[in-house]
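Here's the structure, in structure tokens; my notes come after.
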Amino acid sequence: MKEDFNELSEQIRAGKIEREDAFFLARNPSYLFCIADELRKEEKGDIVTYVVNRNINFTNICVGVCKFCAFREEEEKGYLLSIDVVLSKVQEAVNNEATEICIQGGLHPNLLVDNYCEIIEMIKSHFDVHIHAYSPMEIYHMARNSGMTEAEVLRELKKAGLDSIPGTAAEILDDSIREVICPRKIKTEQWVEIIKTAHRLGIPSTATIMYGHIESLEDRIDHIFKIREIQEETRGFTEFVLLKFMRKQNELGRMVNSRASFFEDAIVHALARVILHPYCTNIQASWVKLGVRDAQKMLYFGVNDLGGTLMEENISRLSGSQAGEYMSPEDFDRVIKDAGRISRRRSTLYELL
Ligand code: SF4
């Protein structure tokens, strides 16, 4: 067993992991945790990063029907923020040293690409901040509403000042799972194509997984391998973010018997480090989804980044997250230092600040 492990470890270091190796490691977590921690140390040392950012969910009006969502509202009951309100939120963020503004919202039935561009242009004309905005699902929605292709939409957004896009709406990249949990969302192939198009146009993105609902270990592993394949081709992902499914107040939560255990959390974070090596070296745990204490523990299972300060978090809170809406830079510094690591602020694109 030991010899097998040494051989496998060499193979993984050389960037040659196979799907069955990932299953072997998931069934032998002591080996998995050991190699994930070694790779994290070799790739990132003891530095743990975070970004000072602000989330702005500019509308909760949405034509989607995702079963895990407690955020969406019908047009009559929902909100759409005015540009002035968006600007005042950015001002507040910049006053608190934010370097990134993350903008996402529901799929508003009446908004066109010009409306999305206007938000970016107005922010860019007043502030020097990185704009990380609009998921592949939102890009698809804008294209559909505006009678354009996704590539045309991405070009317009880039011209308006878009710097990068969140790789959300990935959930699990398997159409049989998507059909159950988010039947109106883009299919796997569309998500992949929009992400690759963005990367080709010089717009980097994050990559995500939402785990801990109806998917199997096999689905998780396949999802991470799909991300690896894209990254091998485009090198456009800045990080891989693991998002644990939040079960409260949503239909999917009522279909799922139990919450993923801490052990499952550790395994999927460690698998991400190992499978994505050496193509994507930033593995992020979400303090909002896991809670601060469990996110801190993930630093021992392959994780080197703890995400952002957020300042405003609506989507997870409405599905039962109790981690709060804001984690200050001082809190990040303390949590990282308490774990025996070195805390560093970063930009969205992972330059150390
Ligand atoms: S997850 Fe997004 S697209 Fe799906 S229903 Fe909620 S707001 Fe709409």
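If you're wondering about the labels, chains in the structure tokens are A, B, ... by order shown, residues count from 1 in each chain, ligands from 1 in order shown.
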Could you list, with a cut-off of 8 Å and counting only C-alpha atoms and all ligand atoms, the residues of chain A near ligand 1, each shown with its nearest atom pair and the distance in Å rounded to one decimal, rows sorted by chain and ascending number, as CSV?
```
residue,atom,partner,partner_atom_place_in_ligand_line,distance
A:Asn60,CA,ligand 1,7 (S),6.2
A:Ile61,CA,ligand 1,7 (S),7.3
A:Cys62,CA,ligand 1,8 (Fe),4.8
A:Val63,CA,ligand 1,8 (Fe),6.2
A:Gly64,CA,ligand 1,5 (S),4.1
A:Val65,CA,ligand 1,5 (S),4.5
A:Cys66,CA,ligand 1,4 (Fe),4.2
A:Lys67,CA,ligand 1,5 (S),7.3
A:Phe68,CA,ligand 1,1 (S),6.9
A:Cys69,CA,ligand 1,6 (Fe),4.5
A:Ala70,CA,ligand 1,6 (Fe),6.8
A:Phe71,CA,ligand 1,6 (Fe),5.6
A:Arg72,CA,ligand 1,7 (S),4.7
A:Gly105,CA,ligand 1,7 (S),6.2
A:Gly106,CA,ligand 1,7 (S),4.0
A:Leu107,CA,ligand 1,8 (Fe),5.7
A:Met137,CA,ligand 1,3 (S),7.1
A:Glu138,CA,ligand 1,3 (S),7.9
A:Ala169,CA,ligand 1,1 (S),7.3
A:Cys182,CA,ligand 1,4 (Fe),6.7
A:Lys185,CA,ligand 1,3 (S),6.8
```
Write a file of the selected residues as an mmCIF file, in the first residue's frame, keeping C-alpha atoms.
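Saved result, again.cif, follows:
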```cif
data_model
loop_
_atom_site.group_PDB
_atom_site.id
_atom_site.type_symbol
_atom_site.label_atom_id
_atom_site.label_comp_id
_atom_site.auth_asym_id
_atom_site.auth_seq_id
_atom_site.Cartn_x
_atom_site.Cartn_y
_atom_site.Cartn_z
ATOM 1 C CA ASN A 60 -33.804 39.463 -6.664
ATOM 2 C CA ILE A 61 -36.437 39.379 -9.409
ATOM 3 C CA CYS A 62 -35.836 36.187 -11.338
ATOM 4 C CA VAL A 63 -37.454 34.021 -13.976
ATOM 5 C CA GLY A 64 -35.429 31.022 -12.801
ATOM 6 C CA VAL A 65 -36.839 28.129 -10.793
ATOM 7 C CA CYS A 66 -33.757 26.675 -9.072
ATOM 8 C CA LYS A 67 -34.850 24.349 -6.293
ATOM 9 C CA PHE A 68 -32.005 25.404 -3.989
ATOM 10 C CA CYS A 69 -32.826 29.096 -4.127
ATOM 11 C CA ALA A 70 -34.495 31.086 -1.363
ATOM 12 C CA PHE A 71 -33.425 34.395 -2.902
ATOM 13 C CA ARG A 72 -35.605 34.812 -6.002
ATOM 14 C CA GLY A 105 -28.528 39.124 -9.358
ATOM 15 C CA GLY A 106 -31.656 37.289 -10.404
ATOM 16 C CA LEU A 107 -32.612 36.892 -14.062
ATOM 17 C CA MET A 137 -26.280 32.059 -16.533
ATOM 18 C CA GLU A 138 -26.669 35.852 -16.440
ATOM 19 C CA ALA A 169 -24.242 28.640 -11.872
ATOM 20 C CA CYS A 182 -32.142 23.812 -11.656
ATOM 21 C CA LYS A 185 -30.546 26.846 -15.992
#
```
**Item:** All residues 8 Å or closer to stretch 86-90 of chain A, only C-alpha atoms, same chain fewer than 6 positions away omitted, as a PyMOL selection string
**Value:** chain A and resi 54+56+58+101+119+122-123
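Residues within 8 Å of A:Val129, counting only C-alpha atoms and excluding same-chain residues fewer than 3 positions away, are Ala98, Thr99, Glu100, Ile101 and Lys124 of chain A.
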Export C-alpha atoms of the chosen residues as a PDB file, in the first residue's frame?
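Written output follows (selection14.pdb):
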```
ATOM      1  CA  ALA A  98     -12.513  47.161  -0.957  1.00  0.00           C
ATOM      2  CA  THR A  99     -10.608  46.419  -4.153  1.00  0.00           C
ATOM      3  CA  GLU A 100     -13.335  44.268  -5.751  1.00  0.00           C
ATOM      4  CA  ILE A 101     -17.042  44.728  -6.360  1.00  0.00           C
ATOM      5  CA  LYS A 124     -15.967  52.566 -13.359  1.00  0.00           C
TER       6      LYS A 124
END
```
**Message:** Let me make sure I understand: among A:Ala26, A:Ala133, A:Val303, A:Val292, which one has the smallest atom-to-atom distance to A:Ser328 if we use only C-alpha atoms?
**Reply:**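 The shortest atom-to-atom distance to A:Ser328 comes from A:Val292.
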**Message:** Which of stretch 143-310 of chain A end up as helix (DSSP H, G or I) when DSSP is run on this backbone - answer as a PyMOL selection string?
**Reply:** chain A and resi 143-146+150-160+175-181+188-200+217-234+251-255+262-276+287-290+292-300
**Prompt:** Nearest to A:Asp37 among A:Lys244, A:Lys297, A:His199, A:Arg345, with distances taken over only C-alpha atoms: which residue is it?
**Reply:**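 Distance minimum relative to A:Asp37 lands on A:Lys297.
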**Request:** Record the distance separating atom CA of A:Arg341 and atom CA of A:Ile47, expressed in Å with one decimal.
**Result:**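 Between atom CA of A:Arg341 and atom CA of A:Ile47 the gap works out to 6.1 Å.
Near A:Phe245, within 9 Å and counting only C-alpha atoms, sit Phe68, Met210, Tyr211, Gly212, His213, Gly253, Arg259, Ala260, Lys289, Ser316 and Ser319 of chain A, not including residues fewer than 3 positions from it in the same chain.
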**Message:** Neighbouring residues of A:Arg228 were defined as those with any atom within 12 Å, considering only C-alpha atoms; residues of the same chain fewer than 4 positions away were excluded. Please report them as an MDAnalysis selection string.
**Reply:** chainID A and resid 15:19 192 207:208 221:224 232:237 239:240 271:281
**Asked** Excluding same-chain residues fewer than 6 positions from A:His269, what lies within 9 Å of it counting only C-alpha atoms, as an NGL selection string?
**Response** :A and (36 or 242 or 283-285 or 298 or 301-303)
Output file for the selection above: C-alpha atoms, as an mmCIF file, in the first residue's frame:
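Here's the written file again-v7.cif:
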```
data_model
loop_
_atom_site.group_PDB
_atom_site.id
_atom_site.type_symbol
_atom_site.label_atom_id
_atom_site.label_comp_id
_atom_site.auth_asym_id
_atom_site.auth_seq_id
_atom_site.Cartn_x
_atom_site.Cartn_y
_atom_site.Cartn_z
ATOM 1 C CA ALA A 36 -3.384 17.576 -0.486
ATOM 2 C CA LEU A 242 -16.204 24.984 -3.011
ATOM 3 C CA ILE A 283 -8.460 26.406 -3.698
ATOM 4 C CA GLN A 284 -10.985 28.439 -1.746
ATOM 5 C CA ALA A 285 -13.159 27.448 1.225
ATOM 6 C CA MET A 298 -10.042 23.407 5.641
ATOM 7 C CA PHE A 301 -7.117 19.931 3.779
ATOM 8 C CA GLY A 302 -5.598 21.644 0.748
ATOM 9 C CA VAL A 303 -7.148 25.121 0.990
#
```
**Request:** Just list the residues in stretch 88-287 of chain A DSSP gives strand (DSSP E or B) on the backbone, as a list in words.
**Result:**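 The strand (DSSP E or B) residues within stretch 88-287 of chain A come out as Glu100, Ile101, Cys102, Ile103, Gln104, His130, Ile131, His132, Ala133, Ser164, Ile165, Ser205, Thr206, Ala207, Thr208, Ile209, Met210, Tyr211, Phe237, Thr238, Glu239, Phe240, Val241, Leu242, Leu243, Lys244, Ile283, Gln284 and Ala285 of chain A.
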